[in-house]
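S.K.: Data: work-v9.cif, mmCIF, C-alpha atoms, pLDDT in the B column; chains and numbers go by the auth columns.
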```cif
data_input
loop_
_atom_site.group_PDB
_atom_site.id
_atom_site.type_symbol
_atom_site.label_atom_id
_atom_site.label_comp_id
_atom_site.label_asym_id
_atom_site.label_seq_id
_atom_site.Cartn_x
_atom_site.Cartn_y
_atom_site.Cartn_z
_atom_site.B_iso_or_equiv
_atom_site.auth_seq_id
_atom_site.auth_asym_id
ATOM 1 C CA ASP A 1 0.960 -7.322 -16.723 66.00 1 A
ATOM 2 C CA VAL A 2 0.081 -4.951 -13.902 68.00 2 A
ATOM 3 C CA LYS A 3 1.629 -1.569 -14.043 90.00 3 A
ATOM 4 C CA VAL A 4 2.104 1.707 -12.230 95.00 4 A
ATOM 5 C CA THR A 5 3.402 4.391 -14.544 95.00 5 A
ATOM 6 C CA GLN A 6 4.983 7.637 -13.456 95.00 6 A
ATOM 7 C CA SER A 7 4.995 10.315 -16.111 90.00 7 A
ATOM 8 C CA SER A 8 8.595 11.480 -15.776 90.00 8 A
ATOM 9 C CA ARG A 9 11.706 9.582 -14.715 92.00 9 A
ATOM 10 C CA TYR A 10 13.850 12.704 -14.431 95.00 10 A
ATOM 11 C CA LEU A 11 12.863 16.336 -13.973 96.00 11 A
ATOM 12 C CA VAL A 12 14.864 19.488 -13.415 97.00 12 A
ATOM 13 C CA LYS A 13 12.945 22.520 -12.172 97.00 13 A
ATOM 14 C CA ARG A 14 13.762 25.931 -10.797 97.00 14 A
ATOM 15 C CA THR A 15 12.949 27.219 -7.340 97.00 15 A
ATOM 16 C CA GLY A 16 9.415 28.589 -7.221 97.00 16 A
ATOM 17 C CA GLU A 17 8.115 26.614 -10.190 97.00 17 A
ATOM 18 C CA LYS A 18 4.935 24.581 -9.916 97.00 18 A
ATOM 19 C CA VAL A 19 5.639 20.918 -10.470 97.00 19 A
ATOM 20 C CA PHE A 20 3.228 18.134 -11.366 97.00 20 A
ATOM 21 C CA LEU A 21 4.141 14.479 -10.902 97.00 21 A
ATOM 22 C CA GLU A 22 1.639 12.136 -12.489 97.00 22 A
ATOM 23 C CA CYS A 23 0.968 8.523 -11.628 97.00 23 A
ATOM 24 C CA VAL A 24 -1.370 6.116 -13.400 97.00 24 A
ATOM 25 C CA GLN A 25 -2.202 2.528 -12.484 96.00 25 A
ATOM 26 C CA ASP A 26 -4.028 0.005 -14.626 94.00 26 A
ATOM 27 C CA MET A 27 -5.045 -2.428 -11.879 89.00 27 A
ATOM 28 C CA ASP A 28 -8.270 -0.752 -10.718 90.00 28 A
ATOM 29 C CA HIS A 29 -6.725 -0.296 -7.267 90.00 29 A
ATOM 30 C CA GLU A 30 -8.556 1.776 -4.715 89.00 30 A
ATOM 31 C CA ASN A 31 -5.535 2.905 -2.712 90.00 31 A
ATOM 32 C CA MET A 32 -2.731 5.055 -4.053 93.00 32 A
ATOM 33 C CA PHE A 33 0.309 6.524 -2.331 95.00 33 A
ATOM 34 C CA TRP A 34 3.052 9.065 -2.869 97.00 34 A
ATOM 35 C CA TYR A 35 6.354 8.498 -1.091 96.00 35 A
ATOM 36 C CA ARG A 36 9.534 10.463 -0.990 96.00 36 A
ATOM 37 C CA GLN A 37 12.810 8.546 -0.846 95.00 37 A
ATOM 38 C CA ASP A 38 16.059 10.081 0.400 94.00 38 A
ATOM 39 C CA PRO A 39 19.342 8.287 1.132 89.00 39 A
ATOM 40 C CA GLY A 40 19.489 7.063 4.705 86.00 40 A
ATOM 41 C CA LEU A 41 15.893 8.038 5.394 89.00 41 A
ATOM 42 C CA GLY A 42 14.038 5.295 3.569 90.00 42 A
ATOM 43 C CA LEU A 43 10.544 5.970 2.248 93.00 43 A
ATOM 44 C CA ARG A 44 8.440 8.663 3.823 94.00 44 A
ATOM 45 C CA LEU A 45 4.754 8.976 3.072 94.00 45 A
ATOM 46 C CA ILE A 46 3.624 12.307 1.660 97.00 46 A
ATOM 47 C CA TYR A 47 -0.060 11.659 0.856 96.00 47 A
ATOM 48 C CA PHE A 48 -2.334 8.751 0.210 93.00 48 A
ATOM 49 C CA SER A 49 -5.775 8.272 -1.242 93.00 49 A
ATOM 50 C CA TYR A 50 -8.336 5.625 -0.383 88.00 50 A
ATOM 51 C CA ASP A 51 -10.591 6.389 -3.300 87.00 51 A
ATOM 52 C CA VAL A 52 -11.473 8.959 -5.908 90.00 52 A
ATOM 53 C CA LYS A 53 -11.481 12.521 -4.546 88.00 53 A
ATOM 54 C CA MET A 54 -10.340 11.262 -1.155 89.00 54 A
ATOM 55 C CA LYS A 55 -6.932 12.126 0.250 92.00 55 A
ATOM 56 C CA GLU A 56 -5.166 11.926 3.558 92.00 56 A
ATOM 57 C CA LYS A 57 -1.949 13.517 4.741 94.00 57 A
ATOM 58 C CA GLY A 58 1.000 11.286 5.410 93.00 58 A
ATOM 59 C CA ASP A 59 4.072 12.007 7.499 91.00 59 A
ATOM 60 C CA ILE A 60 5.533 14.867 5.438 95.00 60 A
ATOM 61 C CA PRO A 61 2.733 16.693 3.561 97.00 61 A
ATOM 62 C CA GLU A 62 4.139 20.205 3.936 96.00 62 A
ATOM 63 C CA GLY A 63 4.841 21.818 0.600 96.00 63 A
ATOM 64 C CA TYR A 64 2.831 19.230 -1.331 98.00 64 A
ATOM 65 C CA SER A 65 -0.729 18.703 -2.461 97.00 65 A
ATOM 66 C CA VAL A 66 -2.416 15.896 -4.379 97.00 66 A
ATOM 67 C CA SER A 67 -5.292 15.331 -6.733 96.00 67 A
ATOM 68 C CA ARG A 68 -7.288 12.216 -7.502 96.00 68 A
ATOM 69 C CA GLU A 69 -10.066 12.989 -9.931 94.00 69 A
ATOM 70 C CA LYS A 70 -10.073 9.518 -11.481 95.00 70 A
ATOM 71 C CA LYS A 71 -9.483 6.168 -9.858 94.00 71 A
ATOM 72 C CA GLU A 72 -6.462 5.325 -11.971 96.00 72 A
ATOM 73 C CA ARG A 73 -4.638 8.646 -11.617 97.00 73 A
ATOM 74 C CA PHE A 74 -2.987 10.213 -8.557 97.00 74 A
ATOM 75 C CA SER A 75 -1.066 13.433 -9.009 97.00 75 A
ATOM 76 C CA LEU A 76 1.456 15.026 -6.686 98.00 76 A
ATOM 77 C CA ILE A 77 1.780 18.808 -6.888 98.00 77 A
ATOM 78 C CA LEU A 78 4.564 20.997 -5.621 97.00 78 A
ATOM 79 C CA GLU A 79 2.969 24.447 -5.583 94.00 79 A
ATOM 80 C CA SER A 80 6.298 26.269 -5.336 97.00 80 A
ATOM 81 C CA ALA A 81 9.289 23.996 -5.627 97.00 81 A
ATOM 82 C CA SER A 82 12.182 24.452 -3.244 97.00 82 A
ATOM 83 C CA THR A 83 15.679 22.979 -3.243 97.00 83 A
ATOM 84 C CA ASN A 84 14.880 20.795 -0.237 97.00 84 A
ATOM 85 C CA GLN A 85 12.307 19.018 -2.355 98.00 85 A
ATOM 86 C CA THR A 86 15.045 17.572 -4.535 98.00 86 A
ATOM 87 C CA SER A 87 14.434 13.863 -4.120 97.00 87 A
ATOM 88 C CA MET A 88 13.182 10.609 -5.603 96.00 88 A
ATOM 89 C CA TYR A 89 9.391 10.362 -5.619 97.00 89 A
ATOM 90 C CA LEU A 90 7.691 6.980 -5.685 96.00 90 A
ATOM 91 C CA CYS A 91 4.059 6.317 -6.474 97.00 91 A
ATOM 92 C CA ALA A 92 2.379 3.086 -5.382 95.00 92 A
ATOM 93 C CA SER A 93 -1.034 1.482 -5.493 93.00 93 A
ATOM 94 C CA ARG A 94 -2.795 -1.308 -3.632 89.00 94 A
ATOM 95 C CA ARG A 95 -6.092 -3.096 -3.747 80.00 95 A
ATOM 96 C CA ASP A 96 -8.312 -2.262 -0.785 68.00 96 A
ATOM 97 C CA ARG A 97 -9.221 -5.829 0.017 64.00 97 A
ATOM 98 C CA GLY A 98 -7.469 -8.212 2.338 59.00 98 A
ATOM 99 C CA VAL A 99 -4.709 -7.388 4.758 59.00 99 A
ATOM 100 C CA SER A 100 -1.754 -8.950 3.015 68.00 100 A
ATOM 101 C CA GLY A 101 -1.905 -6.971 -0.198 76.00 101 A
ATOM 102 C CA GLU A 102 1.437 -5.690 -1.316 86.00 102 A
ATOM 103 C CA LEU A 103 2.140 -2.322 -2.855 91.00 103 A
ATOM 104 C CA PHE A 104 2.844 -1.990 -6.564 93.00 104 A
ATOM 105 C CA PHE A 105 5.319 0.749 -7.319 95.00 105 A
ATOM 106 C CA GLY A 106 6.182 2.882 -10.292 95.00 106 A
ATOM 107 C CA GLU A 107 9.761 3.358 -11.419 93.00 107 A
ATOM 108 C CA GLY A 108 10.128 6.630 -9.561 94.00 108 A
ATOM 109 C CA SER A 109 10.567 10.257 -10.555 96.00 109 A
ATOM 110 C CA ARG A 110 13.860 11.866 -9.693 96.00 110 A
ATOM 111 C CA LEU A 111 13.311 15.595 -9.206 97.00 111 A
ATOM 112 C CA THR A 112 16.088 18.149 -9.025 97.00 112 A
ATOM 113 C CA VAL A 113 15.193 21.678 -7.955 97.00 113 A
ATOM 114 C CA LEU A 114 17.822 24.295 -8.768 96.00 114 A
ATOM 115 C CA ALA B 1 10.646 6.092 17.726 65.00 115 B
ATOM 116 C CA GLN B 2 11.085 4.144 14.544 75.00 116 B
ATOM 117 C CA LYS B 3 8.557 1.406 13.966 91.00 117 B
ATOM 118 C CA ILE B 4 10.832 -0.457 11.568 95.00 118 B
ATOM 119 C CA THR B 5 14.566 -0.650 12.204 96.00 119 B
ATOM 120 C CA GLN B 6 17.084 -1.943 9.724 96.00 120 B
ATOM 121 C CA THR B 7 20.455 -1.724 11.415 94.00 121 B
ATOM 122 C CA GLN B 8 22.634 -2.708 8.449 94.00 122 B
ATOM 123 C CA PRO B 9 23.148 0.184 6.036 91.00 123 B
ATOM 124 C CA GLY B 10 25.229 -2.060 3.794 94.00 124 B
ATOM 125 C CA MET B 11 25.951 -5.750 3.410 95.00 125 B
ATOM 126 C CA PHE B 12 28.328 -7.724 1.233 96.00 126 B
ATOM 127 C CA VAL B 13 28.001 -11.372 0.282 97.00 127 B
ATOM 128 C CA GLN B 14 29.830 -13.766 -2.003 97.00 128 B
ATOM 129 C CA GLU B 15 27.876 -15.159 -4.922 97.00 129 B
ATOM 130 C CA LYS B 16 26.131 -18.456 -4.110 97.00 130 B
ATOM 131 C CA GLU B 17 26.295 -17.858 -0.360 97.00 131 B
ATOM 132 C CA ALA B 18 23.319 -17.115 1.872 97.00 132 B
ATOM 133 C CA VAL B 19 22.773 -13.719 3.476 97.00 133 B
ATOM 134 C CA THR B 20 20.487 -12.450 6.225 98.00 134 B
ATOM 135 C CA LEU B 21 19.132 -8.915 6.256 98.00 135 B
ATOM 136 C CA ASP B 22 17.912 -7.761 9.646 98.00 136 B
ATOM 137 C CA CYS B 23 14.622 -6.096 10.461 98.00 137 B
ATOM 138 C CA THR B 24 13.112 -5.372 13.868 97.00 138 B
ATOM 139 C CA TYR B 25 9.741 -3.797 14.405 97.00 139 B
ATOM 140 C CA ASP B 26 7.768 -2.116 17.120 95.00 140 B
ATOM 141 C CA THR B 27 4.012 -2.402 17.474 92.00 141 B
ATOM 142 C CA SER B 28 1.468 -3.011 20.202 91.00 142 B
ATOM 143 C CA ASP B 29 -1.184 -4.161 17.752 89.00 143 B
ATOM 144 C CA PRO B 30 -1.722 -7.935 17.844 90.00 144 B
ATOM 145 C CA SER B 31 -2.611 -7.962 14.160 88.00 145 B
ATOM 146 C CA TYR B 32 0.139 -6.812 11.847 91.00 146 B
ATOM 147 C CA GLY B 33 2.053 -7.864 8.784 92.00 147 B
ATOM 148 C CA LEU B 34 5.606 -7.561 7.571 94.00 148 B
ATOM 149 C CA PHE B 35 6.817 -7.106 4.012 95.00 149 B
ATOM 150 C CA TRP B 36 10.134 -7.100 2.249 97.00 150 B
ATOM 151 C CA TYR B 37 10.740 -5.152 -0.947 97.00 151 B
ATOM 152 C CA LYS B 38 13.722 -5.057 -3.296 97.00 152 B
ATOM 153 C CA GLN B 39 14.794 -1.922 -5.128 96.00 153 B
ATOM 154 C CA PRO B 40 17.339 -2.470 -7.919 95.00 154 B
ATOM 155 C CA SER B 41 19.329 0.430 -9.307 91.00 155 B
ATOM 156 C CA SER B 42 16.570 0.960 -11.886 88.00 156 B
ATOM 157 C CA GLY B 43 14.445 2.361 -9.066 88.00 157 B
ATOM 158 C CA GLU B 44 11.284 0.258 -9.117 89.00 158 B
ATOM 159 C CA MET B 45 10.385 -1.349 -5.798 93.00 159 B
ATOM 160 C CA ILE B 46 9.510 -5.025 -6.093 94.00 160 B
ATOM 161 C CA PHE B 47 7.532 -6.978 -3.512 94.00 161 B
ATOM 162 C CA LEU B 48 9.357 -10.093 -2.302 96.00 162 B
ATOM 163 C CA ILE B 49 7.614 -11.697 0.644 96.00 163 B
ATOM 164 C CA TYR B 50 4.934 -11.215 3.309 94.00 164 B
ATOM 165 C CA GLN B 51 4.457 -12.558 6.853 95.00 165 B
ATOM 166 C CA GLY B 52 1.309 -12.079 8.893 92.00 166 B
ATOM 167 C CA SER B 53 1.478 -11.904 12.674 92.00 167 B
ATOM 168 C CA TYR B 54 -0.836 -14.892 13.015 92.00 168 B
ATOM 169 C CA ASP B 55 0.916 -17.026 10.435 91.00 169 B
ATOM 170 C CA GLN B 56 2.217 -20.176 12.087 89.00 170 B
ATOM 171 C CA GLN B 57 5.001 -20.876 9.636 93.00 171 B
ATOM 172 C CA ASN B 58 7.753 -18.684 8.284 95.00 172 B
ATOM 173 C CA ALA B 59 6.991 -17.395 4.806 95.00 173 B
ATOM 174 C CA THR B 60 9.048 -18.614 1.865 97.00 174 B
ATOM 175 C CA GLU B 61 9.131 -17.535 -1.768 95.00 175 B
ATOM 176 C CA GLY B 62 11.714 -19.309 -3.857 97.00 176 B
ATOM 177 C CA ARG B 63 15.159 -18.265 -2.604 97.00 177 B
ATOM 178 C CA TYR B 64 13.630 -15.823 -0.140 97.00 178 B
ATOM 179 C CA SER B 65 12.518 -16.780 3.337 97.00 179 B
ATOM 180 C CA LEU B 66 11.446 -14.711 6.275 97.00 180 B
ATOM 181 C CA ASN B 67 12.841 -15.653 9.676 96.00 181 B
ATOM 182 C CA PHE B 68 9.971 -14.464 11.850 96.00 182 B
ATOM 183 C CA GLN B 69 10.681 -14.356 15.589 96.00 183 B
ATOM 184 C CA LYS B 70 7.599 -12.838 17.140 94.00 184 B
ATOM 185 C CA ALA B 71 8.844 -12.644 20.721 94.00 185 B
ATOM 186 C CA ARG B 72 11.932 -10.782 19.591 96.00 186 B
ATOM 187 C CA LYS B 73 9.923 -8.672 17.136 96.00 187 B
ATOM 188 C CA SER B 74 12.240 -9.491 14.311 97.00 188 B
ATOM 189 C CA ALA B 75 11.509 -10.392 10.701 97.00 189 B
ATOM 190 C CA ASN B 76 14.800 -11.038 8.987 98.00 190 B
ATOM 191 C CA LEU B 77 15.020 -11.746 5.275 98.00 191 B
ATOM 192 C CA VAL B 78 17.179 -14.701 4.273 98.00 192 B
ATOM 193 C CA ILE B 79 18.363 -14.943 0.686 98.00 193 B
ATOM 194 C CA SER B 80 19.810 -18.312 -0.166 96.00 194 B
ATOM 195 C CA ALA B 81 22.316 -18.929 -2.957 96.00 195 B
ATOM 196 C CA SER B 82 22.912 -15.249 -3.683 97.00 196 B
ATOM 197 C CA GLN B 83 23.095 -14.128 -7.289 97.00 197 B
ATOM 198 C CA LEU B 84 24.667 -11.046 -8.816 97.00 198 B
ATOM 199 C CA GLY B 85 21.182 -9.811 -9.651 96.00 199 B
ATOM 200 C CA ASP B 86 20.351 -9.714 -5.946 98.00 200 B
ATOM 201 C CA SER B 87 22.494 -6.595 -5.581 98.00 201 B
ATOM 202 C CA ALA B 88 19.958 -3.925 -4.614 97.00 202 B
ATOM 203 C CA MET B 89 18.425 -1.964 -1.758 96.00 203 B
ATOM 204 C CA TYR B 90 16.119 -3.994 0.466 97.00 204 B
ATOM 205 C CA PHE B 91 13.356 -2.473 2.531 97.00 205 B
ATOM 206 C CA CYS B 92 11.390 -3.967 5.373 97.00 206 B
ATOM 207 C CA ALA B 93 7.858 -2.619 5.884 95.00 207 B
ATOM 208 C CA MET B 94 5.007 -3.162 8.319 93.00 208 B
ATOM 209 C CA ARG B 95 1.285 -2.710 8.340 89.00 209 B
ATOM 210 C CA GLU B 96 -0.611 -2.482 11.611 85.00 210 B
ATOM 211 C CA GLY B 97 -4.183 -3.452 12.264 71.00 211 B
ATOM 212 C CA GLY B 98 -6.482 -5.879 10.553 61.00 212 B
ATOM 213 C CA GLY B 99 -8.315 -3.512 8.282 59.00 213 B
ATOM 214 C CA GLY B 100 -7.982 -3.481 4.547 56.00 214 B
ATOM 215 C CA SER B 101 -6.863 0.105 4.173 61.00 215 B
ATOM 216 C CA TYR B 102 -3.614 0.041 6.043 75.00 216 B
ATOM 217 C CA ILE B 103 -0.736 2.448 5.676 82.00 217 B
ATOM 218 C CA PRO B 104 2.625 0.701 5.482 86.00 218 B
ATOM 219 C CA THR B 105 5.660 1.986 7.355 90.00 219 B
ATOM 220 C CA PHE B 106 9.085 1.437 5.817 93.00 220 B
ATOM 221 C CA GLY B 107 12.530 1.016 7.293 94.00 221 B
ATOM 222 C CA ARG B 108 15.548 2.908 6.013 94.00 222 B
ATOM 223 C CA GLY B 109 16.795 0.059 3.912 95.00 223 B
ATOM 224 C CA THR B 110 19.871 -2.124 3.545 96.00 224 B
ATOM 225 C CA SER B 111 22.131 -2.014 0.515 96.00 225 B
ATOM 226 C CA LEU B 112 23.225 -5.490 -0.530 98.00 226 B
ATOM 227 C CA ILE B 113 26.179 -6.059 -2.832 97.00 227 B
ATOM 228 C CA VAL B 114 26.830 -9.532 -4.178 97.00 228 B
ATOM 229 C CA HIS B 115 30.422 -10.187 -5.190 95.00 229 B
ATOM 230 C CA PRO B 116 31.315 -12.681 -7.944 93.00 230 B
#
```
Output the file's structure as structure tokens, nothing else.
M.R.:
Amino acid sequence: DVKVTQSSRYLVKRTGEKVFLECVQDMDHENMFWYRQDPGLGLRLIYFSYDVKMKEKGDIPEGYSVSREKKERFSLILESASTNQTSMYLCASRRDRGVSGELFFGEGSRLTVL
Amino acid sequence: AQKITQTQPGMFVQEKEAVTLDCTYDTSDPSYGLFWYKQPSSGEMIFLIYQGSYDQQNATEGRYSLNFQKARKSANLVISASQLGDSAMYFCAMREGGGGSYIPTFGRGTSLIVHP
């Protein structure tokens, strides 16, 4: 059974803390994505990675960074958390072959920044 | 301008009836694809159905079908015989271009509630 696992379902952090959101996939997928989901705004792409050590900015990269040292793991980092980063964060992966490949998503990490 | 527009923030349907969720898209690329995803309250997004721009027939997957009207740039999701478990958020998404490493764009979603 294919799976994308996000390390934490719920996190509460304080303003200024460094936050790590981890995502692991067991499908040997080349592509991985981090989205942010807010009510009424849908999913907005923060960063994506085509392969190990490769990363590209999405639509809203400000305040975030990512790391992909291994193919199966894609980490999202909030260097100094702020209250406007309170949101649901979704990780996804996809095989880099064919044009109809769907995304596989994790269960999401709901972050609250106080 | 939004590339994917879902104009229905919320929809209600009676159990066992059919429901159509609207999605319009905007692209100038002749090669593109459209996806629908379901997000139950548990949070995990689930892929439902895909339609390629060159596909001749509308896609179907069980109770899900995609009403693809290319000239109108619409790709509505039709759920037949609604079930209580269909209550969820539904997102339309698009990829542009024919390459393998595409970046999908998502709409804002439609919340569907199925009444018993």
S.K.: Can you tell me which residues surround stretch 41-56 of chain A at a distance of at most 9 Å, considering all atoms listed in the file, apart from same-chain residues fewer than 4 positions away, and format the answer as a VMD selection string?
M.R.: (chain A and resid 29 to 37 60 to 62 64 to 74 76 90 96) or (chain B and resid 205 215 217 to 223)
S.K.: From the options B:Thr141, B:Ser194, B:Thr134, B:Gln165, which residue's atoms come nearest to chain A, counting all atoms listed in the file?
M.R.: B:Gln165
S.K.: Contacts of A:Thr112 at 12 Å or less, counting all atoms listed in the file, minus same-chain residues fewer than 3 places along, as a count of residues only?
M.R.: 19
S.K.: Taking a cut-off of 12 Å and counting all atoms listed in the file, can you build a table that, for each residue of chain B near chain A, reports the nearest atom pair and how far apart they are in Å (one decimal), sorted by chain then residue number, as a Markdown table?
M.R.:
```
| residue | atom | partner | partner_atom | distance |
| --- | --- | --- | --- | --- |
| B:Gln116 | CA | A:Leu41 | CA | 11.0 |
| B:Ile118 | CA | A:Gly42 | CA | 10.4 |
| B:Thr119 | CA | A:Gly42 | CA | 10.5 |
| B:Gln120 | CA | A:Gly42 | CA | 10.0 |
| B:Thr121 | CA | A:Gly40 | CA | 11.1 |
| B:Gln122 | CA | A:Gly40 | CA | 10.9 |
| B:Pro123 | CA | A:Gly40 | CA | 7.9 |
| B:Gly124 | CA | A:Gly40 | CA | 10.8 |
| B:Ser145 | CA | A:Val99 | CA | 9.7 |
| B:Tyr146 | CA | A:Val99 | CA | 8.6 |
| B:Gly147 | CA | A:Ser100 | CA | 7.0 |
| B:Leu148 | CA | A:Ser100 | CA | 8.8 |
| B:Phe149 | CA | A:Glu102 | CA | 7.7 |
| B:Trp150 | CA | A:Glu102 | CA | 9.5 |
| B:Tyr151 | CA | A:Leu103 | CA | 9.3 |
| B:Lys152 | CA | A:Phe105 | CA | 11.0 |
| B:Gln153 | CA | A:Glu107 | CA | 9.6 |
| B:Pro154 | CA | A:Glu107 | CA | 10.2 |
| B:Ser155 | CA | A:Glu107 | CA | 10.2 |
| B:Ser156 | CA | A:Glu107 | CA | 7.2 |
| B:Gly157 | CA | A:Glu107 | CA | 5.3 |
| B:Glu158 | CA | A:Glu107 | CA | 4.2 |
| B:Met159 | CA | A:Phe105 | CA | 5.7 |
| B:Ile160 | CA | A:Phe105 | CA | 7.2 |
| B:Phe161 | CA | A:Glu102 | CA | 6.6 |
| B:Leu162 | CA | A:Glu102 | CA | 9.1 |
| B:Ile163 | CA | A:Glu102 | CA | 8.8 |
| B:Tyr164 | CA | A:Ser100 | CA | 7.1 |
| B:Gln165 | CA | A:Ser100 | CA | 8.1 |
| B:Gly166 | CA | A:Ser100 | CA | 7.3 |
| B:Ser167 | CA | A:Ser100 | CA | 10.6 |
| B:Tyr168 | CA | A:Ser100 | CA | 11.7 |
| B:Asp169 | CA | A:Ser100 | CA | 11.3 |
| B:Met203 | CA | A:Gly42 | CA | 10.0 |
| B:Tyr204 | CA | A:Gly42 | CA | 10.0 |
| B:Phe205 | CA | A:Gly42 | CA | 7.9 |
| B:Cys206 | CA | A:Gly42 | CA | 9.8 |
| B:Ala207 | CA | A:Leu43 | CA | 9.7 |
| B:Met208 | CA | A:Ser100 | CA | 10.4 |
| B:Arg209 | CA | A:Val99 | CA | 8.4 |
| B:Glu210 | CA | A:Val99 | CA | 9.4 |
| B:Gly211 | CA | A:Val99 | CA | 8.5 |
| B:Gly212 | CA | A:Val99 | CA | 6.2 |
| B:Gly213 | CA | A:Val99 | CA | 6.4 |
| B:Gly214 | CA | A:Val99 | CA | 5.1 |
| B:Ser215 | CA | A:Asp96 | CA | 5.7 |
| B:Tyr216 | CA | A:Val99 | CA | 7.6 |
| B:Ile217 | CA | A:Phe48 | CA | 8.5 |
| B:Pro218 | CA | A:Leu45 | CA | 8.9 |
| B:Thr219 | CA | A:Arg44 | CA | 8.0 |
| B:Phe220 | CA | A:Leu43 | CA | 6.0 |
| B:Gly221 | CA | A:Gly42 | CA | 5.9 |
| B:Arg222 | CA | A:Gly42 | CA | 3.7 |
| B:Gly223 | CA | A:Gly42 | CA | 5.9 |
| B:Thr224 | CA | A:Gly40 | CA | 9.3 |
| B:Ser225 | CA | A:Gly40 | CA | 10.3 |
```
S.K.: Between A:Cys23, A:Lys18, A:Ser93, A:Val113, which has the minimum distance to A:Gln6 (counting only C-alpha atoms)?
M.R.: A:Cys23
S.K.: Find the residue from B:Ala173, B:Ala202, B:Ile227, B:Leu180 that sits nearest to B:Cys137; use only C-alpha atoms when measuring.
M.R.: B:Leu180
S.K.: Hey, can you check how far atom CA of B:Leu226 sits from atom CA of B:Leu191?
M.R.: 11.8 Å
S.K.: For B:Asn181, list every protein, DNA or RNA residue within 8 Å, evaluated using all atoms listed in the file, and leave out those in the same chain fewer than 3 positions away; present the list as a list in words.
M.R.: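 In the requested format, the answer is Asn172, Ala173, Ser188, Ala189, Asn190, Leu191 and Val192 of chain B.
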S.K.: Mind dumping the selected residues with C-alpha atoms as a PDB file, keeping the file's coordinate frame?
M.R.:
```pdb
ATOM      1  CA  ASN B 172       7.753 -18.684   8.284  1.00 95.00           C
ATOM      2  CA  ALA B 173       6.991 -17.395   4.806  1.00 95.00           C
ATOM      3  CA  SER B 188      12.240  -9.491  14.311  1.00 97.00           C
ATOM      4  CA  ALA B 189      11.509 -10.392  10.701  1.00 97.00           C
ATOM      5  CA  ASN B 190      14.800 -11.038   8.987  1.00 98.00           C
ATOM      6  CA  LEU B 191      15.020 -11.746   5.275  1.00 98.00           C
ATOM      7  CA  VAL B 192      17.179 -14.701   4.273  1.00 98.00           C
TER       8      VAL B 192
END
```
S.K.: Using Å and a single decimal, report how far atom CA of B:Phe182 sits from atom CA of B:Ser142.
M.R.: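 Going from atom CA of B:Ser142 over to atom CA of B:Phe182 covers 16.5 Å.
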S.K.: Taking the file as shown, what set of residues would the PyMOL selection byres ((chain B and resi 133) around 10) give back, as a list in words?
M.R.: Met125, Phe126, Val127, Gln128, Glu129, Lys130, Glu131, Ala132, Thr134, Leu135, Asp136, Leu191, Val192, Ile193, Ser194, Ala195, Ser196, Leu226 and Val228 of chain B
S.K.: Would you give the centre and edge lengths, in Å to one decimal, of a box along x, y and z around the listed atoms of stretch 46-54 of chain A, with 5 Å added to each side, as lines of an AutoDock Vina configuration file?
M.R.:
```
center_x = -3.9
center_y = 9.1
center_z = -2.1
size_x = 25.1
size_y = 16.9
size_z = 17.6
```
S.K.: Report, in Å with one decimal, the straight-line distance from atom CA of B:Thr138 to atom CA of B:Arg177.
M.R.: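 Straight-line distance from atom CA of B:Thr138 to atom CA of B:Arg177 works out to 21.0 Å.
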